[in-house]
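So this one's start.pdb, PDB, N, CA and C atoms:
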```
ATOM      1  N   MET A  13     -21.813 205.855   2.520  1.00  0.00           N
ATOM      2  CA  MET A  13     -22.918 205.780   1.589  1.00  0.00           C
ATOM      3  C   MET A  13     -24.044 204.956   2.225  1.00  0.00           C
ATOM      4  N   PRO A  14     -25.229 205.490   2.315  1.00  0.00           N
ATOM      5  CA  PRO A  14     -26.340 204.785   2.948  1.00  0.00           C
ATOM      6  C   PRO A  14     -26.652 203.456   2.253  1.00  0.00           C
ATOM      7  N   GLY A  15     -26.915 202.443   3.058  1.00  0.00           N
ATOM      8  CA  GLY A  15     -27.321 201.150   2.516  1.00  0.00           C
ATOM      9  C   GLY A  15     -26.178 200.232   2.159  1.00  0.00           C
ATOM     10  N   LEU A  16     -24.967 200.729   2.069  1.00  0.00           N
ATOM     11  CA  LEU A  16     -23.858 199.870   1.651  1.00  0.00           C
ATOM     12  C   LEU A  16     -23.472 198.854   2.718  1.00  0.00           C
ATOM     13  N   GLY A  17     -23.813 199.124   3.960  1.00  0.00           N
ATOM     14  CA  GLY A  17     -23.509 198.178   5.021  1.00  0.00           C
ATOM     15  C   GLY A  17     -24.306 196.892   4.916  1.00  0.00           C
ATOM     16  N   HIS A  18     -25.317 196.875   4.059  1.00  0.00           N
ATOM     17  CA  HIS A  18     -26.162 195.698   3.907  1.00  0.00           C
ATOM     18  C   HIS A  18     -25.733 194.828   2.734  1.00  0.00           C
ATOM     19  N   LEU A  19     -24.685 195.220   2.024  1.00  0.00           N
ATOM     20  CA  LEU A  19     -24.226 194.455   0.873  1.00  0.00           C
ATOM     21  C   LEU A  19     -23.381 193.270   1.326  1.00  0.00           C
ATOM     22  N   PRO A  20     -23.453 192.152   0.606  1.00  0.00           N
ATOM     23  CA  PRO A  20     -22.538 191.043   0.890  1.00  0.00           C
ATOM     24  C   PRO A  20     -21.095 191.510   0.674  1.00  0.00           C
ATOM     25  N   THR A  21     -20.160 190.925   1.398  1.00  0.00           N
ATOM     26  CA  THR A  21     -18.764 191.346   1.352  1.00  0.00           C
ATOM     27  C   THR A  21     -18.206 191.347  -0.058  1.00  0.00           C
ATOM     28  N   ASP A  22     -18.429 190.290  -0.825  1.00  0.00           N
ATOM     29  CA  ASP A  22     -17.887 190.210  -2.191  1.00  0.00           C
ATOM     30  C   ASP A  22     -18.400 191.350  -3.055  1.00  0.00           C
ATOM     31  N   LEU A  23     -19.671 191.650  -2.945  1.00  0.00           N
ATOM     32  CA  LEU A  23     -20.257 192.735  -3.732  1.00  0.00           C
ATOM     33  C   LEU A  23     -19.697 194.081  -3.288  1.00  0.00           C
ATOM     34  N   ALA A  24     -19.500 194.258  -1.995  1.00  0.00           N
ATOM     35  CA  ALA A  24     -18.932 195.500  -1.480  1.00  0.00           C
ATOM     36  C   ALA A  24     -17.509 195.693  -1.992  1.00  0.00           C
ATOM     37  N   VAL A  25     -16.728 194.633  -2.025  1.00  0.00           N
ATOM     38  CA  VAL A  25     -15.357 194.712  -2.534  1.00  0.00           C
ATOM     39  C   VAL A  25     -15.361 195.066  -4.012  1.00  0.00           C
ATOM     40  N   GLN A  26     -16.237 194.443  -4.781  1.00  0.00           N
ATOM     41  CA  GLN A  26     -16.331 194.745  -6.215  1.00  0.00           C
ATOM     42  C   GLN A  26     -16.770 196.193  -6.429  1.00  0.00           C
ATOM     43  N   LEU A  27     -17.720 196.648  -5.647  1.00  0.00           N
ATOM     44  CA  LEU A  27     -18.204 198.023  -5.760  1.00  0.00           C
ATOM     45  C   LEU A  27     -17.095 199.015  -5.436  1.00  0.00           C
ATOM     46  N   ALA A  28     -16.357 198.768  -4.368  1.00  0.00           N
ATOM     47  CA  ALA A  28     -15.254 199.650  -3.992  1.00  0.00           C
ATOM     48  C   ALA A  28     -14.203 199.706  -5.093  1.00  0.00           C
ATOM     49  N   SER A  29     -13.880 198.565  -5.655  1.00  0.00           N
ATOM     50  CA  SER A  29     -12.890 198.509  -6.726  1.00  0.00           C
ATOM     51  C   SER A  29     -13.369 199.248  -7.966  1.00  0.00           C
ATOM     52  N   SER A  30     -14.598 199.007  -8.348  1.00  0.00           N
ATOM     53  CA  SER A  30     -15.153 199.651  -9.539  1.00  0.00           C
ATOM     54  C   SER A  30     -15.252 201.158  -9.362  1.00  0.00           C
ATOM     55  N   LEU A  31     -15.718 201.591  -8.210  1.00  0.00           N
ATOM     56  CA  LEU A  31     -15.871 203.014  -7.944  1.00  0.00           C
ATOM     57  C   LEU A  31     -14.520 203.718  -7.944  1.00  0.00           C
ATOM     58  N   SER A  32     -13.536 203.124  -7.277  1.00  0.00           N
ATOM     59  CA  SER A  32     -12.221 203.767  -7.235  1.00  0.00           C
ATOM     60  C   SER A  32     -11.582 203.790  -8.617  1.00  0.00           C
ATOM     61  N   GLN A  33     -11.779 202.742  -9.424  1.00  0.00           N
ATOM     62  CA  GLN A  33     -11.230 202.717 -10.786  1.00  0.00           C
ATOM     63  C   GLN A  33     -11.902 203.772 -11.657  1.00  0.00           C
ATOM     64  N   THR A  34     -13.204 203.931 -11.525  1.00  0.00           N
ATOM     65  CA  THR A  34     -13.934 204.929 -12.309  1.00  0.00           C
ATOM     66  C   THR A  34     -13.475 206.343 -11.972  1.00  0.00           C
ATOM     67  N   VAL A  35     -13.328 206.624 -10.683  1.00  0.00           N
ATOM     68  CA  VAL A  35     -12.852 207.938 -10.259  1.00  0.00           C
ATOM     69  C   VAL A  35     -11.437 208.173 -10.790  1.00  0.00           C
ATOM     70  N   HIS A  36     -10.597 207.172 -10.667  1.00  0.00           N
ATOM     71  CA  HIS A  36      -9.211 207.292 -11.139  1.00  0.00           C
ATOM     72  C   HIS A  36      -9.159 207.548 -12.638  1.00  0.00           C
ATOM     73  N   THR A  37      -9.921 206.806 -13.415  1.00  0.00           N
ATOM     74  CA  THR A  37      -9.923 206.970 -14.871  1.00  0.00           C
ATOM     75  C   THR A  37     -10.392 208.372 -15.260  1.00  0.00           C
ATOM     76  N   GLY A  38     -11.451 208.811 -14.644  1.00  0.00           N
ATOM     77  CA  GLY A  38     -11.968 210.146 -14.948  1.00  0.00           C
ATOM     78  C   GLY A  38     -10.968 211.244 -14.632  1.00  0.00           C
ATOM     79  N   LEU A  39     -10.329 211.147 -13.470  1.00  0.00           N
ATOM     80  CA  LEU A  39      -9.352 212.160 -13.088  1.00  0.00           C
ATOM     81  C   LEU A  39      -8.092 212.079 -13.946  1.00  0.00           C
ATOM     82  N   THR A  40      -7.636 210.868 -14.223  1.00  0.00           N
ATOM     83  CA  THR A  40      -6.437 210.701 -15.042  1.00  0.00           C
ATOM     84  C   THR A  40      -6.656 211.230 -16.452  1.00  0.00           C
ATOM     85  N   ASN A  41      -7.822 210.983 -17.001  1.00  0.00           N
ATOM     86  CA  ASN A  41      -8.119 211.469 -18.352  1.00  0.00           C
ATOM     87  C   ASN A  41      -8.139 212.991 -18.417  1.00  0.00           C
ATOM     88  N   SER A  42      -8.412 213.621 -17.290  1.00  0.00           N
ATOM     89  CA  SER A  42      -8.473 215.077 -17.291  1.00  0.00           C
ATOM     90  C   SER A  42      -7.100 215.713 -17.058  1.00  0.00           C
ATOM     91  N   LEU A  43      -6.105 214.900 -16.767  1.00  0.00           N
ATOM     92  CA  LEU A  43      -4.769 215.424 -16.503  1.00  0.00           C
ATOM     93  C   LEU A  43      -3.748 214.833 -17.469  1.00  0.00           C
ATOM     94  N   GLU A  44      -2.847 215.642 -17.928  1.00  0.00           N
ATOM     95  CA  GLU A  44      -1.792 215.178 -18.827  1.00  0.00           C
ATOM     96  C   GLU A  44      -0.461 215.011 -18.097  1.00  0.00           C
ATOM     97  N   ASP A  45      -0.332 215.608 -16.940  1.00  0.00           N
ATOM     98  CA  ASP A  45       0.908 215.610 -16.173  1.00  0.00           C
ATOM     99  C   ASP A  45       1.193 214.218 -15.595  1.00  0.00           C
ATOM    100  N   ALA A  46       2.393 213.675 -15.853  1.00  0.00           N
ATOM    101  CA  ALA A  46       2.762 212.333 -15.380  1.00  0.00           C
ATOM    102  C   ALA A  46       2.820 212.268 -13.856  1.00  0.00           C
ATOM    103  N   GLU A  47       3.323 213.323 -13.223  1.00  0.00           N
ATOM    104  CA  GLU A  47       3.399 213.335 -11.761  1.00  0.00           C
ATOM    105  C   GLU A  47       2.003 213.343 -11.146  1.00  0.00           C
ATOM    106  N   ALA A  48       1.107 214.122 -11.716  1.00  0.00           N
ATOM    107  CA  ALA A  48      -0.269 214.162 -11.220  1.00  0.00           C
ATOM    108  C   ALA A  48      -0.937 212.806 -11.413  1.00  0.00           C
ATOM    109  N   ALA A  49      -0.672 212.163 -12.551  1.00  0.00           N
ATOM    110  CA  ALA A  49      -1.251 210.840 -12.797  1.00  0.00           C
ATOM    111  C   ALA A  49      -0.747 209.830 -11.767  1.00  0.00           C
ATOM    112  N   ALA A  50       0.527 209.907 -11.397  1.00  0.00           N
ATOM    113  CA  ALA A  50       1.090 209.002 -10.383  1.00  0.00           C
ATOM    114  C   ALA A  50       0.435 209.247  -9.020  1.00  0.00           C
ATOM    115  N   ILE A  51       0.234 210.512  -8.688  1.00  0.00           N
ATOM    116  CA  ILE A  51      -0.430 210.849  -7.424  1.00  0.00           C
ATOM    117  C   ILE A  51      -1.860 210.314  -7.426  1.00  0.00           C
ATOM    118  N   LEU A  52      -2.540 210.446  -8.555  1.00  0.00           N
ATOM    119  CA  LEU A  52      -3.913 209.947  -8.646  1.00  0.00           C
ATOM    120  C   LEU A  52      -3.972 208.426  -8.562  1.00  0.00           C
ATOM    121  N   ARG A  53      -2.983 207.739  -9.118  1.00  0.00           N
ATOM    122  CA  ARG A  53      -2.944 206.272  -9.001  1.00  0.00           C
ATOM    123  C   ARG A  53      -2.843 205.885  -7.530  1.00  0.00           C
ATOM    124  N   HIS A  54      -1.976 206.588  -6.805  1.00  0.00           N
ATOM    125  CA  HIS A  54      -1.817 206.322  -5.380  1.00  0.00           C
ATOM    126  C   HIS A  54      -3.121 206.625  -4.630  1.00  0.00           C
ATOM    127  N   LEU A  55      -3.737 207.748  -4.960  1.00  0.00           N
ATOM    128  CA  LEU A  55      -5.012 208.127  -4.347  1.00  0.00           C
ATOM    129  C   LEU A  55      -6.080 207.071  -4.615  1.00  0.00           C
ATOM    130  N   ARG A  56      -6.154 206.582  -5.846  1.00  0.00           N
ATOM    131  CA  ARG A  56      -7.133 205.553  -6.195  1.00  0.00           C
ATOM    132  C   ARG A  56      -6.929 204.304  -5.358  1.00  0.00           C
ATOM    133  N   GLN A  57      -5.679 203.887  -5.227  1.00  0.00           N
ATOM    134  CA  GLN A  57      -5.383 202.689  -4.439  1.00  0.00           C
ATOM    135  C   GLN A  57      -5.796 202.892  -2.988  1.00  0.00           C
ATOM    136  N   GLN A  58      -5.424 204.032  -2.419  1.00  0.00           N
ATOM    137  CA  GLN A  58      -5.769 204.316  -1.032  1.00  0.00           C
ATOM    138  C   GLN A  58      -7.280 204.404  -0.832  1.00  0.00           C
ATOM    139  N   PHE A  59      -7.961 205.097  -1.751  1.00  0.00           N
ATOM    140  CA  PHE A  59      -9.412 205.232  -1.671  1.00  0.00           C
ATOM    141  C   PHE A  59     -10.077 203.857  -1.716  1.00  0.00           C
ATOM    142  N   GLY A  60      -9.648 203.033  -2.660  1.00  0.00           N
ATOM    143  CA  GLY A  60     -10.216 201.690  -2.784  1.00  0.00           C
ATOM    144  C   GLY A  60      -9.977 200.858  -1.541  1.00  0.00           C
ATOM    145  N   ASP A  61      -8.761 200.937  -1.000  1.00  0.00           N
ATOM    146  CA  ASP A  61      -8.425 200.163   0.200  1.00  0.00           C
ATOM    147  C   ASP A  61      -9.269 200.600   1.396  1.00  0.00           C
ATOM    148  N   VAL A  62      -9.405 201.907   1.581  1.00  0.00           N
ATOM    149  CA  VAL A  62     -10.173 202.419   2.719  1.00  0.00           C
ATOM    150  C   VAL A  62     -11.658 202.091   2.570  1.00  0.00           C
ATOM    151  N   LEU A  63     -12.200 202.302   1.381  1.00  0.00           N
ATOM    152  CA  LEU A  63     -13.615 201.999   1.156  1.00  0.00           C
ATOM    153  C   LEU A  63     -13.895 200.515   1.367  1.00  0.00           C
ATOM    154  N   ARG A  64     -13.031 199.667   0.822  1.00  0.00           N
ATOM    155  CA  ARG A  64     -13.175 198.220   0.982  1.00  0.00           C
ATOM    156  C   ARG A  64     -13.143 197.846   2.460  1.00  0.00           C
ATOM    157  N   SER A  65     -12.186 198.405   3.187  1.00  0.00           N
ATOM    158  CA  SER A  65     -12.042 198.119   4.607  1.00  0.00           C
ATOM    159  C   SER A  65     -13.273 198.560   5.401  1.00  0.00           C
ATOM    160  N   GLU A  66     -13.749 199.765   5.125  1.00  0.00           N
ATOM    161  CA  GLU A  66     -14.934 200.276   5.823  1.00  0.00           C
ATOM    162  C   GLU A  66     -16.166 199.401   5.554  1.00  0.00           C
ATOM    163  N   LEU A  67     -16.341 199.014   4.304  1.00  0.00           N
ATOM    164  CA  LEU A  67     -17.501 198.189   3.962  1.00  0.00           C
ATOM    165  C   LEU A  67     -17.404 196.819   4.612  1.00  0.00           C
ATOM    166  N   GLN A  68     -16.207 196.258   4.664  1.00  0.00           N
ATOM    167  CA  GLN A  68     -16.027 194.957   5.302  1.00  0.00           C
ATOM    168  C   GLN A  68     -16.259 195.051   6.801  1.00  0.00           C
ATOM    169  N   GLU A  69     -15.777 196.128   7.425  1.00  0.00           N
ATOM    170  CA  GLU A  69     -15.995 196.311   8.860  1.00  0.00           C
ATOM    171  C   GLU A  69     -17.483 196.428   9.171  1.00  0.00           C
ATOM    172  N   LYS A  70     -18.209 197.185   8.360  1.00  0.00           N
ATOM    173  CA  LYS A  70     -19.655 197.325   8.572  1.00  0.00           C
ATOM    174  C   LYS A  70     -20.345 195.974   8.417  1.00  0.00           C
ATOM    175  N   ASN A  71     -19.904 195.207   7.413  1.00  0.00           N
ATOM    176  CA  ASN A  71     -20.493 193.899   7.174  1.00  0.00           C
ATOM    177  C   ASN A  71     -20.194 192.956   8.347  1.00  0.00           C
ATOM    178  N   LEU A  72     -18.966 192.980   8.852  1.00  0.00           N
ATOM    179  CA  LEU A  72     -18.608 192.140   9.996  1.00  0.00           C
ATOM    180  C   LEU A  72     -19.393 192.542  11.235  1.00  0.00           C
ATOM    181  N   ALA A  73     -19.544 193.842  11.449  1.00  0.00           N
ATOM    182  CA  ALA A  73     -20.304 194.321  12.605  1.00  0.00           C
ATOM    183  C   ALA A  73     -21.754 193.880  12.502  1.00  0.00           C
ATOM    184  N   LYS A  74     -22.317 193.983  11.293  1.00  0.00           N
ATOM    185  CA  LYS A  74     -23.704 193.571  11.083  1.00  0.00           C
ATOM    186  C   LYS A  74     -23.857 192.078  11.358  1.00  0.00           C
ATOM    187  N   ASN A  75     -22.905 191.282  10.856  1.00  0.00           N
ATOM    188  CA  ASN A  75     -22.965 189.839  11.069  1.00  0.00           C
ATOM    189  C   ASN A  75     -22.766 189.483  12.539  1.00  0.00           C
ATOM    190  N   SER A  76     -21.941 190.244  13.238  1.00  0.00           N
ATOM    191  CA  SER A  76     -21.707 190.010  14.658  1.00  0.00           C
ATOM    192  C   SER A  76     -22.969 190.288  15.461  1.00  0.00           C
ATOM    193  N   VAL A  77     -23.653 191.363  15.134  1.00  0.00           N
ATOM    194  CA  VAL A  77     -24.912 191.696  15.812  1.00  0.00           C
ATOM    195  C   VAL A  77     -25.946 190.616  15.545  1.00  0.00           C
ATOM    196  N   ALA A  78     -26.035 190.157  14.307  1.00  0.00           N
ATOM    197  CA  ALA A  78     -27.002 189.109  13.960  1.00  0.00           C
ATOM    198  C   ALA A  78     -26.687 187.818  14.717  1.00  0.00           C
ATOM    199  N   ALA A  79     -25.406 187.461  14.811  1.00  0.00           N
ATOM    200  CA  ALA A  79     -25.008 186.251  15.528  1.00  0.00           C
ATOM    201  C   ALA A  79     -25.310 186.393  17.016  1.00  0.00           C
ATOM    202  N   SER A  80     -25.090 187.581  17.557  1.00  0.00           N
ATOM    203  CA  SER A  80     -25.371 187.838  18.965  1.00  0.00           C
ATOM    204  C   SER A  80     -26.858 187.676  19.259  1.00  0.00           C
ATOM    205  N   ARG A  81     -27.682 188.165  18.369  1.00  0.00           N
ATOM    206  CA  ARG A  81     -29.132 188.044  18.551  1.00  0.00           C
ATOM    207  C   ARG A  81     -29.567 186.589  18.495  1.00  0.00           C
ATOM    208  N   LEU A  82     -28.963 185.816  17.595  1.00  0.00           N
ATOM    209  CA  LEU A  82     -29.295 184.397  17.494  1.00  0.00           C
ATOM    210  C   LEU A  82     -28.878 183.661  18.761  1.00  0.00           C
ATOM    211  N   THR A  83     -27.719 184.009  19.297  1.00  0.00           N
ATOM    212  CA  THR A  83     -27.228 183.353  20.497  1.00  0.00           C
ATOM    213  C   THR A  83     -28.139 183.637  21.684  1.00  0.00           C
ATOM    214  N   ARG A  84     -28.630 184.842  21.775  1.00  0.00           N
ATOM    215  CA  ARG A  84     -29.530 185.195  22.883  1.00  0.00           C
ATOM    216  C   ARG A  84     -30.857 184.478  22.794  1.00  0.00           C
ATOM    217  N   ARG A  85     -31.298 184.180  21.590  1.00  0.00           N
ATOM    218  CA  ARG A  85     -32.594 183.514  21.396  1.00  0.00           C
ATOM    219  C   ARG A  85     -32.550 182.040  21.770  1.00  0.00           C
ATOM    220  N   THR A  86     -31.362 181.441  21.716  1.00  0.00           N
ATOM    221  CA  THR A  86     -31.269 180.002  21.980  1.00  0.00           C
ATOM    222  C   THR A  86     -30.960 179.692  23.406  1.00  0.00           C
TER
END
```

Rewritten as structure tokens:
Amino acid sequence: MPGLGHLPTDLAVQLASSLSQTVHTGLTNSLEDAEAAAILRHLRQQFGDVLRSELQEKNLAKNSVAASRLTRRT
């Protein structure tokens, strides 16, 4: 998602959690099957974990580049 790499880590984690919960709730509400609901719970967890990880990696990379630039200036 464009622009998400510029979010502070805490906000990115909250966004990932909220987004994955919203997707999970919407999909679960549309399904009555218990097995499908269990699969969706697993999918939600995995989606949230991957999104959180990606956003944190982008944030760390951004901070590393910024620190590198500061080091070169001094």

Region 67-73 of chain A, all listed atoms, 8 Å padding on each side: what axis-aligned box centre and edge lengths in Å to one decimal come out, as lines of an AutoDock Vina configuration file?
```
center_x = -18.8
center_y = 195.6
center_z = 8.3
size_x = 22.0
size_y = 22.9
size_z = 24.6
```

Take CA of Lys74 (chain A) and CA of Val25 (chain A) and report the distance between them in Å, one decimal.
-> 16.0 Å

Length of the CA of Asn71 (chain A) to CA of Pro20 (chain A) vector [Å] =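 Taking CA of Asn71 (chain A) as the start and CA of Pro20 (chain A) as the end point, the length is 7.2 Å.
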
Two-atom distance - atom N of Thr37 (chain A), CA of Val62 (chain A) (Å) |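 Rounded to one decimal, the two atoms are 16.7 Å apart.
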
Explicit residue set for the PyMOL selection byres (((chain A and resi 21 and name CA) around 9) and name CA), as a list in words = His18, Leu19, Pro20, Asp22, Leu23, Ala24, Val25, Gln26, Arg64, Leu67, Gln68, Asn71 and Leu72 of chain A

Could you give me, as a PyMOL selection string, the residues within 8 Å of Gly60 (chain A), counting all atoms listed in the file and dropping anything in the same chain fewer than 4 positions from it?
-> chain A and resi 27-33+54-56+64-66
